[in-house]
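Asker: Just dropping this structure here.
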Amino acid sequence: MKDNNRKELKILAILAALFGVLYYLPIEGARFQGAIIEAFTLAKWYAREHVLLCLIPAFFIAGAIGVFVSQNAVMKYFGPKAKKWLSYSVASVSGTILAVCSCTVLPLFGGIYMRGAGLGPAVAFLYSGPAINVLAIVLTARVLGWQLGVARAVGAIIFSVIIGLLMHLIFLKEERAKAANVQEVFMGEDEDKERPLWQVGLYFFSMVGILVFANWGAPLEETGIWYAIFRAKWVITATFAVLFSITLWHFFAVKLWQIGLAALPPIILALGLPQHPVAAFTAGAIGLAVLTSIGGTELKEWRDQTWGFSKQILPLLFMGVLAAGFFLGSPESEDAGIIPNIWIQALVGNSPATIISLIFGETAAIPGWLNAIWPVWTNFFASITGALMYFATLTEVPILRGLLDSGMGQGPALALLLAGPALSLPNMLVINSILGPKKTLTFVGLVVVMATISGILFGAIIGAGN
């Protein structure tokens with residue numbers, strides 16, 4: 001009876017809260033109305049600039065990884081009998097071949113750890129998995145700039161190794177006891193049935209080439225090799241597409257007439273509308289989707305994996321874009337979101353001047369000690385906030401785009417990128433159930449501290465460069 005009453009009171013509280021929000025919703029306010037427009041403005045910009053050329057091929061790559069890369073072949077390198085340099089090397093780059101968020105990686109991490117993997121390599125994998133997946137790295141560089149993209153990739157790889165080694169050393173006694181009792185389990189797949197590594201490598205090389213060169217941006221100067229590559233980007237992309245077609249025919253037994261039929265619309269569009277290469281690219285993506293639907297078992301599994309990633313990520317991604325636009329405005333706007341830029345600048349900006357003026361007035365002097373600790377505060381705040389928030393895969397990118405446009409510093413942006421995707425409150429709860437509170441708190445603390453330090457250093461480097 002009491003439980004039923006509590007349930008009804010909970011429903012009543014939710015309804016009352018919803019009523020209060022609707023009752024006081026400031027729809028008459030110019031800022032509120034402008035924020036709604038900005039939400040859809042940002043979503044339109046994002047759909048036009050990043051979905052067709054960036055996300056769609058990345059989804060196909062992620063789906064292919066789930067089918068054609070043996071999970072067991074990766075996991076066996078994490079066992080206690082594996083060489084340490086090899087374990088940490090594999091773990092630290094695992095995120096580049098996985099498209100998972102901080103929660104999706106947890107079952108895989110649990111399976112690795114429970115089967116006897118060392119704490120260090122397992123934690124390195126846990127951090128690296130969501131932190132540097134191929135989708136996020138490409139999108140970060142594309143939307144936030146190559147500096148943050150490179151810093152995120154390099155920082156996440158180094159982080160994963162350092163955090164894994166520190167966890168191993170901190171809990172060395174327990175690790176030695178565990179290693180003494182663990183018998184490594186061979187999670188066997190019939191290796192004779194696996195496709196040769198060079199075939200898989202060529203197949204992924206062709207797809208990554210399409211993704212990279214289709215998104216090759218224009219350099220600042222219209223001279224030099226980078227501009228030459230930009231001018232030839234679609235020719236290079238088409239070359240990789242031909243190589244990709246050959247791998248489909250030779251390695252996956254797709255009939256040549258089917259490949260030719262799928263390639264016909266993009267070829268016609270490329271020749272007939274050379275000024276609109278995105279049309280040809282989109283037609284090629286549709287053709288590939290058709291091929292994976294009528295092909296053999298492997299191709300249909302690839303289709304299902306790709307569609308699974310799309311269903312999981314795209315709705316959350318667009319919700320994140322709409323939220324970023326509503327709260328912070330679109331890249332082309334100035335102070336158009338529901339949250340004024342001044343508050344963002346006050347919390348994570350490059351200087352404490354804004355928060356001092358908000359609290360004490362514009363004429364107030366900035367204490368020297370506050371200037372000294374300000375980089376530490378902004379990066380620590382960004383790290384803590386990122387660690388507690390849940391970022392579905394890729395949603396951190398449009399949100400950070402809005403924050404940067406509203407005055408966030410480059411250092412705090414990197415700190416949030418290094419802490420946010422790898423951690424979240426639900427993620428911490430599950431890790432605690434696997435590792436226990438002591439190891440979980442240690443892991444979270446290491447991520448926050450290292451993200452803060454990295455943000456401080458990155459901010460200083462960018463500041464010195466400017």
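Identifiers in this document derive from the order of the structure tokens: chains are assigned A, B, ..., residues are numbered from 1 separately in each chain, and ligands are numbered from 1 in order of occurrence.
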Excluding Val447 (chain A) and any residue of its chain fewer than 3 positions from it, enumerate the residues within 8 Å of it, using only C-alpha atoms, and give them as a list of chain:residue names.

Answerer: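 With the cut-off at 8 Å, the set is A:Phe159, A:Ile163, A:Leu418, A:Ala419, A:Phe443, A:Val444, A:Met450, A:Ala451.
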
Asker: What lies within 7 Å of region 228-231 of chain A using only C-alpha atoms, ignoring chain neighbours under 6 positions off, as a PDB file with C-alpha atoms, in the first residue's frame?

Answerer:
ATOM      1  CA  TRP A 216      38.895  17.497 -47.200  1.00  0.00           C
ATOM      2  CA  GLY A 217      38.461  21.161 -46.366  1.00  0.00           C
ATOM      3  CA  ALA A 218      39.743  24.162 -48.268  1.00  0.00           C
TER       4      ALA A 218
END

Asker: Which is closer to Pro130 (chain A) than all the others in A:Ala153, A:Ile259, A:Leu243, A:Ile461, using only C-alpha atoms?

Answerer: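 For Pro130 (chain A), the nearest of the given residues is A:Ala153.
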
Asker: In region 117-281 of chain A, what's alpha helix (DSSP H) per DSSP? Answer as JSON, numbers by chain?

Answerer: {"A": [119, 120, 121, 122, 123, 124, 125, 126, 127, 128, 129, 130, 131, 134, 135, 136, 137, 138, 139, 140, 141, 142, 143, 144, 146, 147, 148, 149, 150, 151, 152, 153, 154, 155, 156, 157, 158, 159, 160, 161, 162, 163, 164, 165, 166, 167, 168, 169, 170, 172, 173, 174, 175, 176, 177, 178, 179, 180, 181, 197, 198, 199, 200, 201, 202, 203, 204, 205, 206, 207, 208, 209, 210, 211, 212, 213, 214, 224, 225, 226, 227, 228, 229, 230, 231, 233, 234, 235, 236, 237, 238, 239, 240, 241, 242, 243, 244, 245, 246, 247, 248, 249, 250, 251, 256, 257, 258, 259, 260, 261, 262, 263, 264, 265, 266, 267, 268, 269, 270, 271, 272, 277, 278, 279, 280, 281]}

Asker: Between A:Leu435, A:Ala285, A:Leu400, A:Ile14, single out the one closest to Pro265 (chain A), counting only C-alpha atoms.

Answerer: A:Ala285

Asker: Excluding Leu322 (chain A) and any residue of its chain fewer than 3 positions from it, enumerate the residues within 7 Å of it, using only C-alpha atoms, and give them as number ranges by chain.

Answerer: A: 39-40, 42-43, 318-319, 325-326

Asker: Would you output that residue set with C-alpha atoms, as a PDB file, in the first residue's frame?

Answerer:
ATOM      1  CA  ALA A  39      17.781  25.366 -32.545  1.00  0.00           C
ATOM      2  CA  PHE A  40      16.424  24.575 -35.987  1.00  0.00           C
ATOM      3  CA  LEU A  42      21.765  24.869 -36.163  1.00  0.00           C
ATOM      4  CA  ALA A  43      20.085  21.567 -37.044  1.00  0.00           C
ATOM      5  CA  PHE A 318      20.057  15.612 -33.657  1.00  0.00           C
ATOM      6  CA  MET A 319      18.540  16.068 -30.221  1.00  0.00           C
ATOM      7  CA  GLY A 325      21.094  25.560 -30.791  1.00  0.00           C
ATOM      8  CA  PHE A 326      18.365  26.319 -28.265  1.00  0.00           C
TER       9      PHE A 326
END

Asker: Have a look at A:Ile268, A:Leu291, A:Ala324, A:Ala262 and name the one nearest to Ala35 (chain A); count only C-alpha atoms.

Answerer: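 Among A:Ile268, A:Leu291, A:Ala324, A:Ala262, it is A:Ala324 that comes nearest to Ala35 (chain A).
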
Asker: List the neighbours of Thr452 (chain A) out to 9 Å using only C-alpha atoms; skip same-chain residues closer than 2 positions along the sequence, and give me the result as a ChimeraX atom specification.

Answerer: /A:376-384,411-412,414-416,419,447-450,454-457

Asker: Would you put the residues from that selection into a file with N, CA and C atoms, as a PDB file, in the first residue's frame?

Answerer:
ATOM      1  N   VAL A 376      43.189  26.962 -14.049  1.00  0.00           N
ATOM      2  CA  VAL A 376      42.943  25.712 -13.319  1.00  0.00           C
ATOM      3  C   VAL A 376      41.446  25.541 -13.064  1.00  0.00           C
ATOM      4  N   TRP A 377      40.785  26.623 -12.630  1.00  0.00           N
ATOM      5  CA  TRP A 377      39.361  26.540 -12.329  1.00  0.00           C
ATOM      6  C   TRP A 377      38.528  26.175 -13.563  1.00  0.00           C
ATOM      7  N   THR A 378      38.750  26.895 -14.685  1.00  0.00           N
ATOM      8  CA  THR A 378      37.930  26.660 -15.868  1.00  0.00           C
ATOM      9  C   THR A 378      38.103  25.245 -16.403  1.00  0.00           C
ATOM     10  N   ASN A 379      39.331  24.751 -16.402  1.00  0.00           N
ATOM     11  CA  ASN A 379      39.575  23.395 -16.900  1.00  0.00           C
ATOM     12  C   ASN A 379      39.059  22.343 -15.932  1.00  0.00           C
ATOM     13  N   PHE A 380      39.198  22.594 -14.631  1.00  0.00           N
ATOM     14  CA  PHE A 380      38.665  21.657 -13.643  1.00  0.00           C
ATOM     15  C   PHE A 380      37.139  21.618 -13.713  1.00  0.00           C
ATOM     16  N   PHE A 381      36.517  22.775 -13.851  1.00  0.00           N
ATOM     17  CA  PHE A 381      35.060  22.846 -13.954  1.00  0.00           C
ATOM     18  C   PHE A 381      34.566  22.097 -15.194  1.00  0.00           C
ATOM     19  N   ALA A 382      35.250  22.295 -16.318  1.00  0.00           N
ATOM     20  CA  ALA A 382      34.872  21.604 -17.550  1.00  0.00           C
ATOM     21  C   ALA A 382      35.042  20.092 -17.412  1.00  0.00           C
ATOM     22  N   SER A 383      36.118  19.666 -16.730  1.00  0.00           N
ATOM     23  CA  SER A 383      36.364  18.231 -16.550  1.00  0.00           C
ATOM     24  C   SER A 383      35.293  17.589 -15.667  1.00  0.00           C
ATOM     25  N   ILE A 384      34.969  18.243 -14.553  1.00  0.00           N
ATOM     26  CA  ILE A 384      33.948  17.712 -13.647  1.00  0.00           C
ATOM     27  C   ILE A 384      32.591  17.663 -14.333  1.00  0.00           C
ATOM     28  N   GLY A 411      41.199  25.493 -23.988  1.00  0.00           N
ATOM     29  CA  GLY A 411      41.651  24.543 -22.968  1.00  0.00           C
ATOM     30  C   GLY A 411      40.495  23.810 -22.311  1.00  0.00           C
ATOM     31  N   PRO A 412      39.501  24.521 -21.749  1.00  0.00           N
ATOM     32  CA  PRO A 412      38.337  23.828 -21.177  1.00  0.00           C
ATOM     33  C   PRO A 412      37.601  22.955 -22.194  1.00  0.00           C
ATOM     34  N   LEU A 414      38.978  21.191 -24.621  1.00  0.00           N
ATOM     35  CA  LEU A 414      39.709  19.924 -24.683  1.00  0.00           C
ATOM     36  C   LEU A 414      39.499  19.126 -23.403  1.00  0.00           C
ATOM     37  N   ALA A 415      39.495  19.794 -22.253  1.00  0.00           N
ATOM     38  CA  ALA A 415      39.271  19.094 -20.987  1.00  0.00           C
ATOM     39  C   ALA A 415      37.928  18.382 -20.991  1.00  0.00           C
ATOM     40  N   LEU A 416      36.898  19.053 -21.498  1.00  0.00           N
ATOM     41  CA  LEU A 416      35.585  18.421 -21.565  1.00  0.00           C
ATOM     42  C   LEU A 416      35.583  17.271 -22.568  1.00  0.00           C
ATOM     43  N   ALA A 419      37.303  14.262 -20.868  1.00  0.00           N
ATOM     44  CA  ALA A 419      36.610  13.673 -19.720  1.00  0.00           C
ATOM     45  C   ALA A 419      35.195  13.246 -20.046  1.00  0.00           C
ATOM     46  N   VAL A 447      41.014  10.485 -14.457  1.00  0.00           N
ATOM     47  CA  VAL A 447      40.514  11.097 -15.691  1.00  0.00           C
ATOM     48  C   VAL A 447      40.320  12.602 -15.507  1.00  0.00           C
ATOM     49  N   VAL A 448      39.695  13.003 -14.390  1.00  0.00           N
ATOM     50  CA  VAL A 448      39.418  14.422 -14.148  1.00  0.00           C
ATOM     51  C   VAL A 448      40.715  15.210 -14.007  1.00  0.00           C
ATOM     52  N   VAL A 449      41.652  14.688 -13.227  1.00  0.00           N
ATOM     53  CA  VAL A 449      42.915  15.401 -13.007  1.00  0.00           C
ATOM     54  C   VAL A 449      43.707  15.529 -14.307  1.00  0.00           C
ATOM     55  N   MET A 450      43.794  14.454 -15.081  1.00  0.00           N
ATOM     56  CA  MET A 450      44.568  14.508 -16.312  1.00  0.00           C
ATOM     57  C   MET A 450      43.889  15.377 -17.362  1.00  0.00           C
ATOM     58  N   SER A 454      45.669  18.617 -19.018  1.00  0.00           N
ATOM     59  CA  SER A 454      45.766  18.713 -20.478  1.00  0.00           C
ATOM     60  C   SER A 454      45.115  19.979 -20.996  1.00  0.00           C
ATOM     61  N   GLY A 455      43.960  20.338 -20.422  1.00  0.00           N
ATOM     62  CA  GLY A 455      43.294  21.565 -20.833  1.00  0.00           C
ATOM     63  C   GLY A 455      44.140  22.789 -20.551  1.00  0.00           C
ATOM     64  N   ILE A 456      44.778  22.816 -19.393  1.00  0.00           N
ATOM     65  CA  ILE A 456      45.644  23.947 -19.037  1.00  0.00           C
ATOM     66  C   ILE A 456      46.794  24.076 -20.032  1.00  0.00           C
ATOM     67  N   LEU A 457      47.458  22.960 -20.333  1.00  0.00           N
ATOM     68  CA  LEU A 457      48.597  22.984 -21.257  1.00  0.00           C
ATOM     69  C   LEU A 457      48.154  23.360 -22.668  1.00  0.00           C
TER      70      LEU A 457
END

Asker: Rounded to one decimal in Å, what is the spacing between CA of Leu273 (chain A) and CA of Val235 (chain A)?

Answerer: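 CA of Val235 (chain A) lies at a distance of 14.4 Å from CA of Leu273 (chain A).
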